[in-house]
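The file structure_8.cif comes next; it holds mmCIF, C-alpha atoms.
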```cif
data_run
#
loop_
_atom_site.group_PDB
_atom_site.id
_atom_site.type_symbol
_atom_site.label_atom_id
_atom_site.label_comp_id
_atom_site.auth_asym_id
_atom_site.auth_seq_id
_atom_site.Cartn_x
_atom_site.Cartn_y
_atom_site.Cartn_z
ATOM 1 C CA MET A 1 -85.262 -129.347 31.588
ATOM 2 C CA LEU A 2 -81.950 -130.124 33.271
ATOM 3 C CA LYS A 3 -82.726 -133.839 33.455
ATOM 4 C CA GLU A 4 -83.735 -133.861 29.787
ATOM 5 C CA GLY A 5 -80.523 -132.089 28.719
ATOM 6 C CA ARG A 6 -82.391 -129.053 27.387
ATOM 7 C CA ILE A 7 -80.227 -126.495 29.227
ATOM 8 C CA GLY A 8 -77.057 -125.451 27.409
ATOM 9 C CA ASN A 9 -75.202 -123.679 30.238
ATOM 10 C CA GLU A 10 -71.668 -124.771 31.087
ATOM 11 C CA LYS A 11 -71.136 -127.236 33.946
ATOM 12 C CA GLU A 12 -69.283 -124.486 35.872
ATOM 13 C CA ASP A 13 -72.587 -122.631 36.251
ATOM 14 C CA CYS A 14 -73.638 -125.326 38.769
ATOM 15 C CA LEU A 15 -77.299 -125.171 37.752
ATOM 16 C CA GLU A 16 -77.953 -128.600 39.239
ATOM 17 C CA ASP A 17 -77.056 -127.213 42.669
ATOM 18 C CA LEU A 18 -79.265 -124.164 42.175
ATOM 19 C CA ALA A 19 -82.206 -126.295 41.056
ATOM 20 C CA LYS A 20 -81.893 -128.588 44.103
ATOM 21 C CA SER A 21 -82.087 -125.636 46.499
ATOM 22 C CA ASP A 22 -85.164 -123.570 47.229
ATOM 23 C CA ASP A 23 -83.203 -120.311 47.183
ATOM 24 C CA PHE A 24 -84.685 -119.045 43.913
ATOM 25 C CA ASP A 25 -88.308 -119.144 42.851
ATOM 26 C CA ILE A 26 -88.032 -118.377 39.136
ATOM 27 C CA TYR A 27 -85.320 -118.786 36.511
ATOM 28 C CA ALA A 28 -84.970 -116.557 33.463
ATOM 29 C CA LEU A 29 -84.236 -118.447 30.232
ATOM 30 C CA ILE A 30 -83.405 -117.558 26.676
ATOM 31 C CA ASP A 31 -83.657 -119.802 23.628
ATOM 32 C CA PHE A 32 -80.555 -119.525 21.472
ATOM 33 C CA ASN A 33 -80.161 -121.752 18.398
ATOM 34 C CA GLY A 34 -82.681 -124.240 19.765
ATOM 35 C CA MET A 35 -81.043 -124.575 23.192
ATOM 36 C CA ASN A 36 -82.219 -123.001 26.461
ATOM 37 C CA TYR A 37 -79.796 -121.001 28.571
ATOM 38 C CA VAL A 38 -80.405 -119.774 32.101
ATOM 39 C CA PHE A 39 -79.298 -116.156 32.466
ATOM 40 C CA GLY A 40 -81.087 -115.081 35.628
ATOM 41 C CA CYS A 41 -82.320 -116.144 39.036
ATOM 42 C CA LEU A 42 -85.293 -114.446 40.693
ATOM 43 C CA GLN A 43 -86.592 -114.413 44.235
ATOM 44 C CA ALA A 44 -90.294 -113.619 44.722
ATOM 45 C CA LYS A 45 -91.406 -112.296 48.117
ATOM 46 C CA THR A 46 -94.457 -110.836 49.777
ATOM 47 C CA SER A 47 -92.348 -108.328 51.685
ATOM 48 C CA ILE A 48 -88.708 -107.257 51.694
ATOM 49 C CA ARG A 49 -88.601 -108.418 55.303
ATOM 50 C CA ASP A 50 -89.384 -112.032 54.362
ATOM 51 C CA ARG A 51 -86.002 -113.734 54.950
ATOM 52 C CA VAL A 52 -84.285 -110.906 53.076
ATOM 53 C CA GLY A 53 -80.954 -111.219 54.879
ATOM 54 C CA ARG A 54 -80.821 -114.920 54.044
ATOM 55 C CA ASP A 55 -81.935 -114.330 50.457
ATOM 56 C CA ARG A 56 -79.289 -111.664 49.929
ATOM 57 C CA ASP A 57 -76.626 -114.201 50.918
ATOM 58 C CA PHE A 58 -77.812 -116.492 48.098
ATOM 59 C CA SER A 59 -77.996 -113.688 45.552
ATOM 60 C CA ILE A 60 -74.400 -112.525 45.848
ATOM 61 C CA PRO A 61 -72.693 -115.769 44.714
ATOM 62 C CA VAL A 62 -75.123 -115.989 41.796
ATOM 63 C CA MET A 63 -74.161 -112.476 40.689
ATOM 64 C CA GLU A 64 -70.494 -113.450 41.015
ATOM 65 C CA LYS A 65 -71.198 -116.237 38.495
ATOM 66 C CA HIS A 66 -72.499 -113.517 36.131
ATOM 67 C CA PHE A 67 -76.169 -114.430 36.398
ATOM 68 C CA TRP A 68 -78.778 -111.670 36.580
ATOM 69 C CA SER A 69 -80.112 -111.777 40.147
ATOM 70 C CA VAL A 70 -83.245 -109.868 41.108
ATOM 71 C CA ALA A 71 -86.022 -109.946 43.650
ATOM 72 C CA VAL A 72 -89.690 -109.185 43.067
ATOM 73 C CA VAL A 73 -91.557 -107.899 46.125
ATOM 74 C CA LEU A 74 -95.241 -107.087 46.591
ATOM 75 C CA ASP A 75 -94.861 -104.746 49.583
ATOM 76 C CA GLY A 76 -91.792 -102.503 49.764
ATOM 77 C CA MET A 77 -92.644 -100.695 52.994
ATOM 78 C CA TYR A 78 -89.430 -101.787 54.737
ATOM 79 C CA LEU A 79 -87.317 -100.358 51.910
ATOM 80 C CA SER A 80 -87.863 -96.897 53.392
ATOM 81 C CA MET A 81 -85.544 -97.975 56.238
ATOM 82 C CA PRO A 82 -81.815 -97.458 55.537
ATOM 83 C CA LYS A 83 -80.890 -101.022 56.589
ATOM 84 C CA PHE A 84 -83.149 -102.597 53.970
ATOM 85 C CA GLU A 85 -82.281 -100.017 51.319
ATOM 86 C CA HIS A 86 -78.578 -100.809 51.827
ATOM 87 C CA MET A 87 -79.290 -104.543 51.530
ATOM 88 C CA VAL A 88 -80.420 -103.873 47.984
ATOM 89 C CA ASN A 89 -78.343 -100.890 46.852
ATOM 90 C CA GLY A 90 -75.216 -101.270 48.966
ATOM 91 C CA GLY A 91 -73.602 -98.194 50.462
ATOM 92 C CA GLY A 92 -73.865 -99.145 54.118
ATOM 93 C CA GLU A 93 -71.051 -97.875 56.310
ATOM 94 C CA THR A 94 -70.268 -101.161 58.082
ATOM 95 C CA GLN A 95 -72.698 -103.756 56.748
ATOM 96 C CA TYR A 96 -74.114 -104.147 53.232
ATOM 97 C CA ARG A 97 -71.443 -102.088 51.496
ATOM 98 C CA GLU A 98 -72.087 -103.907 48.208
ATOM 99 C CA ASN A 99 -75.426 -104.321 46.470
ATOM 100 C CA GLY A 100 -77.345 -107.519 47.208
ATOM 101 C CA TRP A 101 -79.175 -107.823 43.870
ATOM 102 C CA HIS A 102 -78.963 -106.337 40.416
ATOM 103 C CA GLY A 103 -82.420 -104.957 41.061
ATOM 104 C CA MET A 104 -85.488 -105.246 43.243
ATOM 105 C CA TYR A 105 -88.870 -104.756 41.586
ATOM 106 C CA VAL A 106 -91.503 -103.577 44.059
ATOM 107 C CA MET A 107 -95.261 -103.439 43.496
ATOM 108 C CA SER A 108 -96.258 -100.993 46.277
ATOM 109 C CA ASN A 109 -95.266 -98.651 49.085
ATOM 110 C CA ILE A 110 -91.964 -97.356 47.719
ATOM 111 C CA VAL A 111 -90.463 -94.857 45.302
ATOM 112 C CA SER A 112 -87.759 -95.990 42.858
ATOM 113 C CA ASN A 113 -84.265 -95.536 44.273
ATOM 114 C CA ASP A 114 -81.083 -96.737 42.545
ATOM 115 C CA ARG A 115 -81.534 -100.543 42.184
ATOM 116 C CA ILE A 116 -85.045 -100.432 43.684
ATOM 117 C CA TYR A 117 -87.693 -100.126 40.973
ATOM 118 C CA HIS A 118 -91.308 -99.320 41.727
ATOM 119 C CA VAL A 119 -93.435 -101.160 39.194
ATOM 120 C CA LEU A 120 -96.330 -98.845 38.515
ATOM 121 C CA GLU A 121 -99.813 -100.314 38.244
ATOM 122 C CA GLY A 122 -100.584 -98.547 34.976
ATOM 123 C CA ASP A 123 -97.150 -99.105 33.419
ATOM 124 C CA THR A 124 -97.682 -101.307 30.340
ATOM 125 C CA ARG A 125 -93.968 -102.179 30.014
ATOM 126 C CA TRP A 126 -94.453 -104.940 32.604
ATOM 127 C CA ARG A 127 -97.301 -106.786 30.861
#
```
Write the structure described by the file as structure tokens, please.
Amino acid sequence: MLKEGRIGNEKEDCLEDLAKSDDFDIYALIDFNGMNYVFGCLQAKTSIRDRVGRDRDFSIPVMEKHFWSVAVVLDGMYLSMPKFEHMVNGGGETQYRENGWHGMYVMSNIVSNDRIYHVLEGDTRWR
């Protein structure tokens, strides 16, 4: 879509650089007046532990550019540990004071907590 000129974002958004990297797995788009605009960058993971520290470092600059930045995780078991919770929500005393994503959507093994959202199996809002 970038090569075909079908993305209407400003050059300052640096979408070409984002597309060349493998830091994000999915991009959220909206069609406005016949032109596509990227408004979000998503990271999809099996587990929060999968390269999460590295992925957080890519998420923060994207949020600073006013893109919606989220992660989708199948297994949220590690989010019960304060270190991983602080990576998402912020609030760490020395490290991870600021949130690492706008939200993390988790399919199993966790209860919703601040920016961590447990996506319930029977919840039809996500279909």
Here's the selection I'm unsure about, the PyMOL selection byres ((chain A and resi 67-83) around 10); applied to the file above, which residues does it give, as a PyMOL selection string? chain A and resi 13+24-28+38-50+52+55-56+58-66+84-92+95-96+100-111+113+115-119
Those selected residues, please, written with C-alpha atoms and delivered as a PDB file, keeping the file's coordinate frame.
```pdb
ATOM      1  CA  ASP A  13     -72.587-122.631  36.251  1.00  0.00           C
ATOM      2  CA  PHE A  24     -84.685-119.045  43.913  1.00  0.00           C
ATOM      3  CA  ASP A  25     -88.308-119.144  42.851  1.00  0.00           C
ATOM      4  CA  ILE A  26     -88.032-118.377  39.136  1.00  0.00           C
ATOM      5  CA  TYR A  27     -85.320-118.786  36.511  1.00  0.00           C
ATOM      6  CA  ALA A  28     -84.970-116.557  33.463  1.00  0.00           C
ATOM      7  CA  VAL A  38     -80.405-119.774  32.101  1.00  0.00           C
ATOM      8  CA  PHE A  39     -79.298-116.156  32.466  1.00  0.00           C
ATOM      9  CA  GLY A  40     -81.087-115.081  35.628  1.00  0.00           C
ATOM     10  CA  CYS A  41     -82.320-116.144  39.036  1.00  0.00           C
ATOM     11  CA  LEU A  42     -85.293-114.446  40.693  1.00  0.00           C
ATOM     12  CA  GLN A  43     -86.592-114.413  44.235  1.00  0.00           C
ATOM     13  CA  ALA A  44     -90.294-113.619  44.722  1.00  0.00           C
ATOM     14  CA  LYS A  45     -91.406-112.296  48.117  1.00  0.00           C
ATOM     15  CA  THR A  46     -94.457-110.836  49.777  1.00  0.00           C
ATOM     16  CA  SER A  47     -92.348-108.328  51.685  1.00  0.00           C
ATOM     17  CA  ILE A  48     -88.708-107.257  51.694  1.00  0.00           C
ATOM     18  CA  ARG A  49     -88.601-108.418  55.303  1.00  0.00           C
ATOM     19  CA  ASP A  50     -89.384-112.032  54.362  1.00  0.00           C
ATOM     20  CA  VAL A  52     -84.285-110.906  53.076  1.00  0.00           C
ATOM     21  CA  ASP A  55     -81.935-114.330  50.457  1.00  0.00           C
ATOM     22  CA  ARG A  56     -79.289-111.664  49.929  1.00  0.00           C
ATOM     23  CA  PHE A  58     -77.812-116.492  48.098  1.00  0.00           C
ATOM     24  CA  SER A  59     -77.996-113.688  45.552  1.00  0.00           C
ATOM     25  CA  ILE A  60     -74.400-112.525  45.848  1.00  0.00           C
ATOM     26  CA  PRO A  61     -72.693-115.769  44.714  1.00  0.00           C
ATOM     27  CA  VAL A  62     -75.123-115.989  41.796  1.00  0.00           C
ATOM     28  CA  MET A  63     -74.161-112.476  40.689  1.00  0.00           C
ATOM     29  CA  GLU A  64     -70.494-113.450  41.015  1.00  0.00           C
ATOM     30  CA  LYS A  65     -71.198-116.237  38.495  1.00  0.00           C
ATOM     31  CA  HIS A  66     -72.499-113.517  36.131  1.00  0.00           C
ATOM     32  CA  PHE A  84     -83.149-102.597  53.970  1.00  0.00           C
ATOM     33  CA  GLU A  85     -82.281-100.017  51.319  1.00  0.00           C
ATOM     34  CA  HIS A  86     -78.578-100.809  51.827  1.00  0.00           C
ATOM     35  CA  MET A  87     -79.290-104.543  51.530  1.00  0.00           C
ATOM     36  CA  VAL A  88     -80.420-103.873  47.984  1.00  0.00           C
ATOM     37  CA  ASN A  89     -78.343-100.890  46.852  1.00  0.00           C
ATOM     38  CA  GLY A  90     -75.216-101.270  48.966  1.00  0.00           C
ATOM     39  CA  GLY A  91     -73.602 -98.194  50.462  1.00  0.00           C
ATOM     40  CA  GLY A  92     -73.865 -99.145  54.118  1.00  0.00           C
ATOM     41  CA  GLN A  95     -72.698-103.756  56.748  1.00  0.00           C
ATOM     42  CA  TYR A  96     -74.114-104.147  53.232  1.00  0.00           C
ATOM     43  CA  GLY A 100     -77.345-107.519  47.208  1.00  0.00           C
ATOM     44  CA  TRP A 101     -79.175-107.823  43.870  1.00  0.00           C
ATOM     45  CA  HIS A 102     -78.963-106.337  40.416  1.00  0.00           C
ATOM     46  CA  GLY A 103     -82.420-104.957  41.061  1.00  0.00           C
ATOM     47  CA  MET A 104     -85.488-105.246  43.243  1.00  0.00           C
ATOM     48  CA  TYR A 105     -88.870-104.756  41.586  1.00  0.00           C
ATOM     49  CA  VAL A 106     -91.503-103.577  44.059  1.00  0.00           C
ATOM     50  CA  MET A 107     -95.261-103.439  43.496  1.00  0.00           C
ATOM     51  CA  SER A 108     -96.258-100.993  46.277  1.00  0.00           C
ATOM     52  CA  ASN A 109     -95.266 -98.651  49.085  1.00  0.00           C
ATOM     53  CA  ILE A 110     -91.964 -97.356  47.719  1.00  0.00           C
ATOM     54  CA  VAL A 111     -90.463 -94.857  45.302  1.00  0.00           C
ATOM     55  CA  ASN A 113     -84.265 -95.536  44.273  1.00  0.00           C
ATOM     56  CA  ARG A 115     -81.534-100.543  42.184  1.00  0.00           C
ATOM     57  CA  ILE A 116     -85.045-100.432  43.684  1.00  0.00           C
ATOM     58  CA  TYR A 117     -87.693-100.126  40.973  1.00  0.00           C
ATOM     59  CA  HIS A 118     -91.308 -99.320  41.727  1.00  0.00           C
ATOM     60  CA  VAL A 119     -93.435-101.160  39.194  1.00  0.00           C
TER      61      VAL A 119
END
```
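Across the model, the gap from atom CA of A:Lys3 to atom CA of A:Glu16 is 9.1 Å.
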Quick one: axis-aligned box around all listed atoms of stretch 8-15 of chain A, 8 Å on every side, centre and edge lengths in Å to one decimal, written as lines of an AutoDock Vina configuration file.
```
center_x = -73.3
center_y = -124.9
center_z = 33.1
size_x = 24.0
size_y = 20.6
size_z = 27.4
```
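The gap separating atom CA of A:Cys14 from atom CA of A:Asp57 is 16.7 Å, in Å to one decimal.
The coordinates place atom CA of A:Gly5 at 14.2 Å from atom CA of A:Leu29.
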Anything within 12 Å of (-81.4, -130.5, 29.0): list those residues as an NGL selection string, counting only C-alpha atoms and sticking to the file's coordinates. :A and (1-11 or 15-16 or 34-38)
